[in-house]
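Raw upload.txt, compact mmCIF, C-alpha atoms:
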# COMPACT_ATOMS: atom_id res chain seq x y z
CA MET Q 200 46.10 -60.34 42.02
CA PHE Q 201 49.42 -61.70 40.74
CA ASP Q 202 47.86 -63.86 38.00
CA VAL Q 203 47.87 -61.06 35.41
CA LEU Q 204 51.46 -60.09 36.30
CA PHE Q 205 52.75 -63.66 36.11
CA SER Q 206 51.03 -64.33 32.81
CA HIS Q 207 52.65 -61.13 31.45
CA ILE Q 208 56.11 -62.08 32.74
CA LEU Q 209 55.83 -65.68 31.51
CA LYS Q 210 55.40 -64.44 27.94
CA LYS Q 211 59.00 -63.18 28.13
CA VAL Q 212 60.84 -65.35 30.71
CA SER Q 213 60.16 -68.52 32.73
CA LEU Q 214 59.80 -68.46 36.53
CA THR Q 215 59.95 -71.33 39.05
CA GLU Q 216 57.40 -71.51 41.90
CA GLU Q 217 60.13 -70.38 44.32
CA GLU Q 218 60.92 -67.37 42.14
CA LYS Q 219 57.21 -66.47 41.89
CA SER Q 220 56.87 -66.57 45.63
CA LEU Q 221 60.05 -64.49 46.12
CA LEU Q 222 58.92 -62.02 43.46
CA LYS Q 223 55.61 -61.41 45.27
CA SER Q 224 57.49 -60.18 48.33
CA PHE Q 225 58.86 -57.16 46.41
CA PHE Q 226 55.42 -55.76 45.52
CA ASN Q 227 52.69 -53.88 47.38
CA ALA Q 228 49.05 -54.01 46.35
CA LYS Q 229 47.03 -50.80 46.00
CA ASN Q 230 43.46 -50.07 44.95
CA LEU Q 231 42.47 -46.81 43.28
CA ARG Q 232 38.91 -45.51 42.87
CA LYS Q 233 37.91 -43.94 39.57
CA LYS Q 234 39.32 -40.37 39.36
CA GLU Q 235 41.74 -40.97 42.26
CA PHE Q 236 45.37 -39.91 41.70
CA LEU Q 237 48.34 -42.29 41.88
CA LEU Q 238 50.84 -39.49 41.17
CA GLN Q 239 50.68 -35.73 40.84
CA GLU Q 240 53.12 -33.46 39.03
CA GLY Q 241 55.71 -32.09 41.47
CA GLU Q 242 55.89 -35.26 43.61
CA ILE Q 243 58.59 -37.92 43.30
CA CYS Q 244 57.36 -41.05 41.49
CA HIS Q 245 58.41 -43.83 43.86
CA TYR Q 246 56.82 -46.75 41.99
CA LEU Q 247 56.52 -48.70 38.82
CA SER Q 248 52.83 -49.69 38.84
CA PHE Q 249 51.42 -52.79 37.16
CA VAL Q 250 47.70 -52.76 36.39
CA SER Q 251 46.00 -56.04 37.45
CA LYS Q 252 42.54 -54.60 36.83
CA GLY Q 253 41.22 -51.25 35.66
CA LEU Q 254 42.59 -48.38 33.60
CA LEU Q 255 45.11 -45.61 34.35
CA ARG Q 256 46.16 -42.62 32.31
CA SER Q 257 49.33 -40.56 32.61
CA TYR Q 258 49.37 -37.02 31.29
CA HIS Q 259 51.15 -33.71 31.44
CA ILE Q 260 49.55 -30.27 31.83
CA ASP Q 261 51.36 -27.50 29.95
CA GLU Q 262 51.72 -23.80 30.83
CA ARG Q 263 48.45 -22.97 29.10
CA GLY Q 264 46.62 -25.60 31.14
CA ASP Q 265 46.24 -28.00 28.20
CA GLU Q 266 46.45 -31.73 28.99
CA HIS Q 267 48.75 -33.93 26.90
CA MET Q 268 48.04 -37.64 27.25
CA ASN Q 269 51.19 -39.74 27.58
CA LEU Q 270 49.94 -43.29 28.07
CA PHE Q 271 46.90 -45.39 28.93
CA ALA Q 272 47.53 -48.54 30.96
CA TRP Q 273 45.02 -51.34 31.50
CA GLU Q 274 45.36 -55.00 32.57
CA GLY Q 275 48.88 -56.17 31.75
CA TRP Q 276 50.45 -52.68 31.38
CA TRP Q 277 52.88 -50.74 33.52
CA SER Q 278 52.57 -47.07 34.36
CA SER Q 279 55.06 -44.63 35.88
CA ASP Q 280 56.79 -41.31 35.45
CA ILE Q 281 59.86 -43.28 34.41
CA TYR Q 282 62.22 -40.28 34.54
CA SER Q 283 61.16 -39.35 38.06
CA PHE Q 284 61.29 -43.03 39.10
CA SER Q 285 64.73 -43.68 37.57
CA PHE Q 286 66.51 -40.49 38.64
CA ASN Q 287 64.59 -39.56 41.80
CA GLU Q 288 63.57 -36.24 40.22
CA ILE Q 289 60.31 -34.29 40.40
CA ALA Q 290 57.53 -35.88 38.30
CA GLN Q 291 56.14 -34.01 35.30
CA PHE Q 292 53.28 -36.46 34.75
CA ASN Q 293 50.03 -36.93 36.60
CA ILE Q 294 48.64 -40.47 36.84
CA ASP Q 295 45.00 -41.09 37.73
CA ALA Q 296 42.40 -43.85 37.36
CA LEU Q 297 39.81 -43.76 34.58
CA GLU Q 298 38.17 -46.88 36.12
CA ASP Q 299 38.33 -48.47 39.60
CA SER Q 300 41.75 -50.14 39.50
CA GLU Q 301 43.86 -52.78 41.25
CA LEU Q 302 47.60 -52.21 41.12
CA LEU Q 303 50.87 -53.88 42.09
CA LEU Q 304 53.57 -51.37 43.02
CA ILE Q 305 57.33 -51.85 43.18
CA THR Q 306 59.84 -49.25 44.45
CA ARG Q 307 63.17 -48.47 42.76
CA GLU Q 308 65.05 -50.12 45.63
CA ASN Q 309 62.91 -53.26 45.39
CA LEU Q 310 63.31 -53.35 41.59
CA GLU Q 311 67.10 -53.30 42.02
CA GLU Q 312 67.00 -55.94 44.75
CA MET Q 313 64.53 -58.16 42.87
CA THR Q 314 66.61 -58.09 39.67
CA LEU Q 315 69.75 -58.96 41.65
CA GLN Q 316 67.98 -61.91 43.30
CA ILE Q 317 66.09 -62.99 40.16
CA PRO Q 318 68.32 -62.00 37.20
CA LYS Q 319 65.66 -63.18 34.72
CA MET Q 320 63.66 -60.13 35.80
CA ASP Q 321 66.40 -57.96 34.30
CA ARG Q 322 65.66 -59.78 31.05
CA TYR Q 323 61.91 -59.19 31.43
CA PHE Q 324 62.41 -55.47 32.07
CA ARG Q 325 65.09 -55.18 29.37
CA ILE Q 326 62.56 -56.46 26.81
CA LEU Q 327 59.76 -54.33 28.31
CA PHE Q 328 61.81 -51.10 28.23
CA GLN Q 329 63.24 -51.91 24.78
CA ASN Q 330 59.72 -52.35 23.36
CA SER Q 331 58.45 -49.21 25.14
CA LEU Q 332 61.34 -47.15 23.80
CA ALA Q 333 60.71 -48.50 20.29
CA THR Q 334 57.00 -47.69 20.47
CA LYS Q 335 57.67 -44.22 21.89
CA GLU Q 336 60.12 -43.39 19.06
CA ARG Q 337 57.67 -44.60 16.46
CA ARG Q 338 54.93 -42.44 17.99
CA LEU Q 339 57.23 -39.40 17.83
CA VAL Q 340 57.84 -40.03 14.13
CA SER Q 341 54.11 -40.49 13.48
CA SER Q 342 53.30 -37.21 15.19
CA ASN Q 343 55.64 -35.43 12.74
CA SER Q 344 54.69 -37.26 9.57
CA TYR Q 345 51.10 -38.40 9.40
CA THR Q 346 47.79 -36.67 8.77
CA ALA Q 347 45.17 -36.72 11.51
CA LYS Q 348 43.20 -39.44 9.67
CA GLU Q 349 46.31 -41.59 9.17
CA LYS Q 350 47.18 -41.26 12.89
CA TYR Q 351 43.71 -42.41 13.92
CA ILE Q 352 43.66 -45.37 11.51
CA GLN Q 353 47.13 -46.45 12.63
CA LEU Q 354 46.04 -46.34 16.28
CA ALA Q 355 42.78 -48.19 15.62
CA ASP Q 356 44.70 -50.93 13.75
CA SER Q 357 47.51 -51.29 16.27
CA ASN Q 358 45.51 -50.76 19.44
CA PRO Q 359 41.78 -51.48 19.05
CA GLN Q 360 41.32 -51.92 22.82
CA MET Q 361 42.36 -48.30 23.42
CA ILE Q 362 39.70 -47.08 20.97
CA GLN Q 363 37.01 -49.15 22.71
CA ARG Q 364 37.94 -48.38 26.26
CA VAL Q 365 39.30 -44.84 26.49
CA PRO Q 366 36.93 -41.82 26.24
CA GLN Q 367 37.08 -40.18 22.83
CA ASN Q 368 38.23 -36.73 24.08
CA LEU Q 369 41.28 -38.42 25.67
CA ILE Q 370 42.04 -40.36 22.48
CA ALA Q 371 41.98 -37.00 20.67
CA SER Q 372 44.45 -35.56 23.20
CA TYR Q 373 46.68 -38.64 22.86
CA LEU Q 374 46.80 -38.09 19.09
CA GLY Q 375 47.35 -34.35 19.49
CA LEU Q 376 44.01 -33.57 17.79
CA ALA Q 377 41.10 -31.32 18.70
CA PRO Q 378 38.05 -33.41 19.78
CA GLU Q 379 36.02 -32.00 16.85
CA THR Q 380 38.72 -33.11 14.40
CA LEU Q 381 38.56 -36.67 15.73
CA SER Q 382 34.73 -36.69 15.56
CA ARG Q 383 34.86 -35.57 11.93
CA ILE Q 384 37.46 -38.21 11.05
CA LYS Q 385 35.40 -41.00 12.65
CA LYS Q 386 32.26 -39.81 10.85
CA ASN Q 387 34.06 -39.72 7.49
CA ILE Q 388 35.48 -43.22 8.06
CA ALA Q 389 31.97 -44.51 8.97
CA LEU Q 390 30.65 -42.94 5.76
CA GLY Q 391 33.41 -44.66 3.79
CA LYS Q 392 35.10 -41.39 2.85
CA MET T 271 88.19 -50.71 19.90
CA PHE T 272 86.43 -52.41 22.80
CA ASP T 273 87.94 -50.15 25.49
CA VAL T 274 85.20 -47.52 25.21
CA LEU T 275 82.48 -50.20 25.23
CA PHE T 276 83.91 -52.00 28.25
CA SER T 277 84.34 -48.79 30.21
CA HIS T 278 80.68 -47.96 29.45
CA ILE T 279 79.45 -51.42 30.49
CA LEU T 280 81.58 -51.47 33.67
CA LYS T 281 79.79 -48.35 34.92
CA LYS T 282 76.65 -50.48 35.19
CA VAL T 283 77.75 -54.13 35.67
CA SER T 284 81.00 -56.02 36.34
CA LEU T 285 82.52 -58.38 33.76
CA THR T 286 85.18 -61.08 34.17
CA GLU T 287 88.00 -61.41 31.60
CA GLU T 288 86.28 -64.55 30.25
CA GLU T 289 83.02 -62.66 29.84
CA LYS T 290 84.80 -59.77 28.08
CA SER T 291 86.39 -62.16 25.66
CA LEU T 292 83.07 -63.96 25.03
CA LEU T 293 81.29 -60.63 24.62
CA LYS T 294 83.71 -59.51 21.89
CA SER T 295 82.72 -62.51 19.76
CA PHE T 296 79.15 -61.17 19.38
CA PHE T 297 80.19 -57.86 17.80
CA ASN T 298 81.42 -56.78 14.36
CA ALA T 299 83.57 -53.70 13.82
CA LYS T 300 82.66 -51.19 11.12
CA ASN T 301 84.19 -47.89 10.04
CA LEU T 302 82.12 -45.10 8.51
CA ARG T 303 83.48 -42.09 6.63
CA LYS T 304 81.96 -38.68 7.29
CA LYS T 305 78.60 -38.38 5.46
CA GLU T 306 78.39 -42.17 4.89
CA PHE T 307 75.09 -43.86 5.80
CA LEU T 308 74.73 -46.64 8.36
CA LEU T 309 71.00 -46.97 7.75
CA GLN T 310 68.50 -45.52 5.30
CA GLU T 311 64.76 -45.19 5.75
CA GLY T 312 62.99 -48.16 4.16
CA GLU T 313 65.68 -50.70 5.04
CA ILE T 314 65.54 -53.08 8.02
CA CYS T 315 67.80 -51.95 10.89
CA HIS T 316 69.76 -55.12 11.68
CA TYR T 317 72.09 -53.65 14.31
CA LEU T 318 72.48 -51.85 17.57
CA SER T 319 75.58 -49.73 16.95
CA PHE T 320 77.97 -48.59 19.65
CA VAL T 321 80.16 -45.58 18.81
CA SER T 322 83.82 -46.19 19.80
CA LYS T 323 84.96 -43.06 17.98
CA GLY T 324 83.22 -40.35 15.97
CA LEU T 325 79.70 -38.98 15.78
CA LEU T 326 76.46 -40.33 14.29
CA ARG T 327 73.07 -38.72 13.88
CA SER T 328 69.69 -40.40 13.39
CA TYR T 329 66.88 -38.44 11.79
CA HIS T 330 63.58 -38.74 10.05
CA ILE T 331 62.50 -36.93 6.87
CA ASP T 332 58.80 -35.99 6.81
CA GLU T 333 56.43 -35.75 3.82
CA ARG T 334 57.44 -32.13 3.19
CA GLY T 335 61.11 -33.11 3.08
CA ASP T 336 61.92 -31.56 6.46
CA GLU T 337 64.52 -33.36 8.58
CA HIS T 338 63.71 -34.10 12.26
CA MET T 339 66.77 -34.97 14.34
CA ASN T 340 66.18 -37.92 16.67
CA LEU T 341 69.52 -38.50 18.36
CA PHE T 342 73.23 -37.69 18.19
CA ALA T 343 75.60 -40.46 19.29
CA TRP T 344 79.32 -40.01 20.02
CA GLU T 345 81.86 -42.07 21.96
CA GLY T 346 80.00 -44.18 24.52
CA TRP T 347 76.54 -43.91 22.91
CA TRP T 348 74.38 -46.42 21.08
CA SER T 349 72.47 -45.69 17.89
CA SER T 350 69.73 -47.64 16.12
CA ASP T 351 66.23 -47.51 14.71
CA ILE T 352 65.13 -49.40 17.80
CA TYR T 353 61.61 -50.15 16.48
CA SER T 354 62.94 -51.60 13.24
CA PHE T 355 65.64 -53.50 15.15
CA SER T 356 63.25 -54.91 17.77
CA PHE T 357 60.34 -55.87 15.53
CA ASN T 358 62.10 -56.51 12.20
CA GLU T 359 60.05 -53.75 10.56
CA ILE T 360 60.99 -51.14 7.96
CA ALA T 361 63.15 -48.32 9.40
CA GLN T 362 61.81 -44.77 9.53
CA PHE T 363 65.12 -43.24 10.57
CA ASN T 364 68.26 -42.51 8.60
CA ILE T 365 71.59 -42.82 10.39
CA ASP T 366 74.73 -41.22 8.98
CA ALA T 367 78.14 -40.09 10.20
CA LEU T 368 78.85 -36.43 11.01
CA GLU T 369 82.52 -37.35 11.60
CA ASP T 370 84.69 -40.34 10.54
CA SER T 371 83.47 -43.02 12.96
CA GLU T 372 84.42 -46.43 14.39
CA LEU T 373 81.50 -48.61 15.41
CA LEU T 374 80.78 -51.94 17.08
CA LEU T 375 77.65 -53.61 15.71
CA ILE T 376 75.52 -56.35 17.24
CA THR T 377 72.59 -58.09 15.53
CA ARG T 378 69.27 -58.89 17.23
CA GLU T 379 70.12 -62.61 17.20
CA ASN T 380 73.52 -61.97 18.77
CA LEU T 381 72.00 -59.65 21.37
CA GLU T 382 69.60 -62.43 22.40
CA GLU T 383 72.36 -65.04 22.45
CA MET T 384 74.81 -62.78 24.30
CA THR T 385 72.26 -61.91 27.01
CA LEU T 386 71.44 -65.61 27.47
CA GLN T 387 75.14 -66.48 27.83
CA ILE T 388 76.01 -63.38 29.90
CA PRO T 389 72.85 -62.51 31.89
CA LYS T 390 74.53 -59.41 33.33
CA MET T 391 74.22 -57.91 29.85
CA ASP T 392 70.43 -58.05 30.28
CA ARG T 393 70.98 -55.87 33.34
CA TYR T 394 73.23 -53.49 31.36
CA PHE T 395 70.67 -53.14 28.57
CA ARG T 396 67.76 -52.95 31.05
CA ILE T 397 69.38 -49.90 32.65
CA LEU T 398 70.36 -48.44 29.25
CA PHE T 399 66.85 -48.78 27.80
CA GLN T 400 65.22 -47.59 31.04
CA ASN T 401 67.36 -44.42 31.01
CA SER T 402 66.76 -43.87 27.27
CA LEU T 403 63.01 -44.23 27.72
CA ALA T 404 63.08 -41.81 30.66
CA THR T 405 65.08 -39.23 28.68
CA LYS T 406 62.84 -39.61 25.63
CA GLU T 407 59.67 -39.03 27.71
CA ARG T 408 61.20 -35.97 29.35
CA ARG T 409 62.12 -34.60 25.92
CA LEU T 410 58.54 -35.08 24.72
CA VAL T 411 57.24 -33.13 27.73
CA SER T 412 59.79 -30.34 27.15
CA SER T 413 58.77 -30.01 23.53
CA ASN T 414 55.17 -29.34 24.68
CA SER T 415 55.91 -27.09 27.63
CA TYR T 416 58.99 -24.94 27.25
CA THR T 417 59.80 -21.80 25.32
CA ALA T 418 62.55 -21.96 22.68
CA LYS T 419 65.01 -20.22 25.03
CA GLU T 420 64.19 -22.59 27.91
CA LYS T 421 64.69 -25.61 25.64
CA TYR T 422 68.12 -24.38 24.55
CA ILE T 423 69.27 -23.57 28.09
CA GLN T 424 68.06 -26.95 29.36
CA LEU T 425 69.99 -28.72 26.59
CA ALA T 426 73.15 -26.66 27.12
CA ASP T 427 73.03 -27.46 30.86
CA SER T 428 72.30 -31.16 30.52
CA ASN T 429 74.37 -31.88 27.44
CA PRO T 430 77.19 -29.34 26.87
CA GLN T 431 79.08 -31.79 24.63
CA MET T 432 76.23 -31.78 22.12
CA ILE T 433 76.33 -27.99 21.89
CA GLN T 434 80.09 -28.02 21.29
CA ARG T 435 80.22 -30.86 18.83
CA VAL T 436 77.05 -30.85 16.71
CA PRO T 437 76.56 -28.21 13.95
CA GLN T 438 74.18 -25.47 15.04
CA ASN T 439 71.58 -26.05 12.30
CA LEU T 440 71.23 -29.68 13.51
CA ILE T 441 70.86 -28.57 17.14
CA ALA T 442 68.06 -26.27 15.94
CA SER T 443 66.35 -29.21 14.21
CA TYR T 444 66.80 -31.37 17.35
CA LEU T 445 65.03 -28.68 19.39
CA GLY T 446 62.32 -28.20 16.76
CA LEU T 447 63.43 -24.60 16.12
CA ALA T 448 64.20 -22.62 12.97
CA PRO T 449 67.99 -21.98 12.65
CA GLU T 450 67.38 -18.21 12.81
CA THR T 451 65.46 -18.63 16.08
CA LEU T 452 68.38 -20.51 17.65
CA SER T 453 70.88 -17.86 16.41
CA ARG T 454 68.77 -15.11 17.97
CA ILE T 455 68.49 -17.01 21.29
CA LYS T 456 72.26 -17.58 21.48
CA LYS T 457 72.93 -13.90 20.68
CA ASN T 458 70.52 -12.77 23.40
CA ILE T 459 72.09 -15.13 25.93
CA ALA T 460 75.57 -13.82 25.03
CA LEU T 461 74.28 -10.27 25.51
CA GLY T 462 72.91 -11.27 28.91
CA LYS T 463 69.27 -10.78 27.87
Output the file's structure in the form of structure tokens.
Amino acid sequence: MFDVLFSHILKKVSLTEEEKSLLKSFFNAKNLRKKEFLLQEGEICHYLSFVSKGLLRSYHIDERGDEHMNLFAWEGWWSSDIYSFSFNEIAQFNIDALEDSELLLITRENLEEMTLQIPKMDRYFRILFQNSLATKERRLVSSNSYTAKEKYIQLADSNPQMIQRVPQNLIASYLGLAPETLSRIKKNIALGK
Amino acid sequence: MFDVLFSHILKKVSLTEEEKSLLKSFFNAKNLRKKEFLLQEGEICHYLSFVSKGLLRSYHIDERGDEHMNLFAWEGWWSSDIYSFSFNEIAQFNIDALEDSELLLITRENLEEMTLQIPKMDRYFRILFQNSLATKERRLVSSNSYTAKEKYIQLADSNPQMIQRVPQNLIASYLGLAPETLSRIKKNIALGK
């Protein structure tokens, strides 16, 4: 179960065998069946969750009952309500499984303790959070500035796995588009328009 | 010039006098006059900038020429186009000074070198980026879910200094509101409505 996590960490920092073994002790394994919830709005998010296998989505439901996709996470991605996790506040995101999933969970206390004992993990998470923040800001700019077609093409170029793996109505929600709009865009692209 | 930076860092990690002195060597000082640009869209953002004194804003201009405020940064805050900085890509934000400002700049190469030589700075930036990511996600949710009045009250509660210090038309842009809408909200609040 830790193979995917270690291969992800080793892209950013090196770990000795002792550190790997110590690191394992800070995580708990959890399996989720398709459609099962990891987190529901109104709870406290106690974990950062790493996906070893499967696919999670996090999303918010607004006052009108509309779902807004925040993030999809498959093998090698982390998922959390990071505000709730960091500040021990009520979560505003729901997280559930789009496929049967295998997860590795770490609590806030264990994250603090692990990074104190293995300072290189601060480096790993510094790079992870820096890249996430960068990507999130860029997505905010895109949502203000691009046409629906440009948004879809940008996503398909930068993240082909999401297009293949995530149901189309959820991709539409992620891009802030009506499902019919996304269908029309895909049809026009297929027709070379 | 480093007093504000050190007091900000010491809230998150401890530093020895040797580390402080080493840390200084990775930064360059820069002064900006009011209205002067630190970064313009289309350039590469080479720096993370810490504000020792003054006030910066970062914003994006969309296809229709409308400005979208991203962030205001005063004493103790960092400013950057973090995507451009992290991935050496073209910036989509402009950063300029709303007041005469004194800054401390660090390049990507110096950030990497500094964190290797002073690993506690990885911890500092891990916490900084984690908190920024959390705040950014929460802001995205608010923009989908709250009424204009709720957004303003939430901002005034969580960030009274921004309300006092940043011109009202820019606060309106930050909240995604028309200036007249914000004026009306403030008038109603003052009238106890």
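For the set T:Lys463, T:Arg378, T:Lys457, T:Lys390, the residue with the smallest atom-to-atom gap to chain Q is T:Lys390, counting all atoms listed in the file.
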Task: Who sits within 8 Å of Leu222 of chain Q, only C-alpha atoms, same chain under 3 positions skipped, as a ChimeraX atom specification - done: /Q:218-219,225-226,313,317
TODO: Find the residue from Q:Tyr282, Q:Tyr246, Q:Tyr345, Q:Tyr351 that sits nearest to chain T; use only C-alpha atoms when measuring.
DONE: Q:Tyr282
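You will find atom CA of Leu309 of chain T at 15.5 Å from atom CA of His338 of chain T.
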Can you list every residue of chain T that has an atom at most 9 Å from chain Q, with its nearest atom pair and the distance in Å to one decimal, using all atoms listed in the file, ordered by chain then number, as JSON lines?
{"residue": "T:His330", "atom": "CA", "partner": "Q:Val340", "partner_atom": "CA", "distance": 7.2}
{"residue": "T:Ile331", "atom": "CA", "partner": "Q:Ser344", "partner_atom": "CA", "distance": 8.3}
{"residue": "T:Asp332", "atom": "CA", "partner": "Q:Ser344", "partner_atom": "CA", "distance": 5.1}
{"residue": "T:Glu333", "atom": "CA", "partner": "Q:Ser344", "partner_atom": "CA", "distance": 6.2}
{"residue": "T:Arg334", "atom": "CA", "partner": "Q:Ser344", "partner_atom": "CA", "distance": 8.6}
{"residue": "T:His338", "atom": "CA", "partner": "Q:Asn343", "partner_atom": "CA", "distance": 8.2}
{"residue": "T:Asn340", "atom": "CA", "partner": "Q:Glu336", "partner_atom": "CA", "distance": 8.5}
{"residue": "T:Asp351", "atom": "CA", "partner": "Q:Ala333", "partner_atom": "CA", "distance": 7.9}
{"residue": "T:Ile352", "atom": "CA", "partner": "Q:Ala333", "partner_atom": "CA", "distance": 5.2}
{"residue": "T:Tyr353", "atom": "CA", "partner": "Q:Ala333", "partner_atom": "CA", "distance": 4.2}
{"residue": "T:Ser354", "atom": "CA", "partner": "Q:Ala333", "partner_atom": "CA", "distance": 8.0}
{"residue": "T:Phe355", "atom": "CA", "partner": "Q:Ala333", "partner_atom": "CA", "distance": 8.7}
{"residue": "T:Ser356", "atom": "CA", "partner": "Q:Asn330", "partner_atom": "CA", "distance": 7.1}
{"residue": "T:Phe357", "atom": "CA", "partner": "Q:Asn330", "partner_atom": "CA", "distance": 8.6}
{"residue": "T:Gln362", "atom": "CA", "partner": "Q:Val340", "partner_atom": "CA", "distance": 7.7}
{"residue": "T:Phe363", "atom": "CA", "partner": "Q:Val340", "partner_atom": "CA", "distance": 8.7}
{"residue": "T:Thr385", "atom": "CA", "partner": "Q:Arg322", "partner_atom": "CA", "distance": 8.0}
{"residue": "T:Leu386", "atom": "CA", "partner": "Q:Arg322", "partner_atom": "CA", "distance": 9.0}
{"residue": "T:Pro389", "atom": "CA", "partner": "Q:Pro318", "partner_atom": "CA", "distance": 7.0}
{"residue": "T:Lys390", "atom": "CA", "partner": "Q:Pro318", "partner_atom": "CA", "distance": 7.8}
{"residue": "T:Met391", "atom": "CA", "partner": "Q:Arg322", "partner_atom": "CA", "distance": 8.8}
{"residue": "T:Asp392", "atom": "CA", "partner": "Q:Arg322", "partner_atom": "CA", "distance": 5.1}
{"residue": "T:Arg393", "atom": "CA", "partner": "Q:Asp321", "partner_atom": "CA", "distance": 5.1}
{"residue": "T:Tyr394", "atom": "CA", "partner": "Q:Arg325", "partner_atom": "CA", "distance": 8.5}
{"residue": "T:Phe395", "atom": "CA", "partner": "Q:Arg325", "partner_atom": "CA", "distance": 6.0}
{"residue": "T:Arg396", "atom": "CA", "partner": "Q:Arg325", "partner_atom": "CA", "distance": 3.9}
{"residue": "T:Ile397", "atom": "CA", "partner": "Q:Arg325", "partner_atom": "CA", "distance": 7.6}
{"residue": "T:Leu398", "atom": "CA", "partner": "Q:Arg325", "partner_atom": "CA", "distance": 8.6}
{"residue": "T:Phe399", "atom": "CA", "partner": "Q:Phe328", "partner_atom": "CA", "distance": 5.6}
{"residue": "T:Gln400", "atom": "CA", "partner": "Q:Phe328", "partner_atom": "CA", "distance": 5.6}
{"residue": "T:Asn401", "atom": "CA", "partner": "Q:Ser285", "partner_atom": "CA", "distance": 7.1}
{"residue": "T:Ser402", "atom": "CA", "partner": "Q:Leu332", "partner_atom": "CA", "distance": 7.2}
{"residue": "T:Leu403", "atom": "CA", "partner": "Q:Leu332", "partner_atom": "CA", "distance": 5.2}
{"residue": "T:Ala404", "atom": "CA", "partner": "Q:Tyr282", "partner_atom": "CA", "distance": 4.3}
{"residue": "T:Thr405", "atom": "CA", "partner": "Q:Tyr282", "partner_atom": "CA", "distance": 6.6}
{"residue": "T:Lys406", "atom": "CA", "partner": "Q:Lys335", "partner_atom": "CA", "distance": 7.9}
{"residue": "T:Glu407", "atom": "CA", "partner": "Q:Tyr282", "partner_atom": "CA", "distance": 7.4}
{"residue": "T:Arg408", "atom": "CA", "partner": "Q:Tyr282", "partner_atom": "CA", "distance": 6.8}
{"residue": "T:Leu410", "atom": "CA", "partner": "Q:Leu339", "partner_atom": "CA", "distance": 8.2}
{"residue": "T:Val411", "atom": "CA", "partner": "Q:His259", "partner_atom": "CA", "distance": 7.2}
{"residue": "T:Asn414", "atom": "CA", "partner": "Q:Asp261", "partner_atom": "CA", "distance": 6.8}
{"residue": "T:Ser415", "atom": "CA", "partner": "Q:Asp261", "partner_atom": "CA", "distance": 5.1}
{"residue": "T:Tyr416", "atom": "CA", "partner": "Q:Glu262", "partner_atom": "CA", "distance": 8.2}
All residues 10 Å or closer to Phe271 of chain Q, only C-alpha atoms, same chain fewer than 3 positions away omitted, as an mmCIF file with C-alpha atoms, in the coordinates of the input:
data_model
loop_
_atom_site.group_PDB
_atom_site.id
_atom_site.type_symbol
_atom_site.label_atom_id
_atom_site.label_comp_id
_atom_site.auth_asym_id
_atom_site.auth_seq_id
_atom_site.Cartn_x
_atom_site.Cartn_y
_atom_site.Cartn_z
ATOM 1 C CA LEU Q 254 42.590 -48.380 33.600
ATOM 2 C CA LEU Q 255 45.110 -45.610 34.350
ATOM 3 C CA ARG Q 256 46.160 -42.620 32.310
ATOM 4 C CA SER Q 257 49.330 -40.560 32.610
ATOM 5 C CA TYR Q 258 49.370 -37.020 31.290
ATOM 6 C CA MET Q 268 48.040 -37.640 27.250
ATOM 7 C CA TRP Q 276 50.450 -52.680 31.380
ATOM 8 C CA TRP Q 277 52.880 -50.740 33.520
ATOM 9 C CA SER Q 278 52.570 -47.070 34.360
ATOM 10 C CA ILE Q 294 48.640 -40.470 36.840
ATOM 11 C CA ASP Q 295 45.000 -41.090 37.730
ATOM 12 C CA ALA Q 296 42.400 -43.850 37.360
ATOM 13 C CA LEU Q 297 39.810 -43.760 34.580
ATOM 14 C CA MET Q 361 42.360 -48.300 23.420
ATOM 15 C CA ARG Q 364 37.940 -48.380 26.260
ATOM 16 C CA VAL Q 365 39.300 -44.840 26.490
ATOM 17 C CA LEU Q 369 41.280 -38.420 25.670
ATOM 18 C CA ILE Q 370 42.040 -40.360 22.480
ATOM 19 C CA TYR Q 373 46.680 -38.640 22.860
#
TODO: Find the spatial neighbours of Gly446 of chain T, counting all atoms listed in the file, within a cut-off of 8 Å - ignore same-chain residues fewer than 3 positions away - and output them as an NGL selection string.
DONE: :T and (338 or 413 or 442-443)
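If you measure from each of T:Glu450, T:Ile455, T:Gln310, T:Gln387 to Ala418 of chain T using all atoms listed in the file, the closest one turns out to be T:Ile455.
Atom CA of Leu270 of chain Q is positioned 13.2 Å from atom CA of Phe249 of chain Q.
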Open item on the list: For a test of reading the model, state the distance in Å between atom CA of Lys385 of chain Q and atom CA of Glu298 of chain Q, rounded to one decimal.
Closed with: 24.4 Å
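Closest approach to Glu306 of chain T from the set T:Asn364, T:Glu383, T:Pro449, T:Lys419 is made by T:Asn364, with distances taken over only C-alpha atoms.
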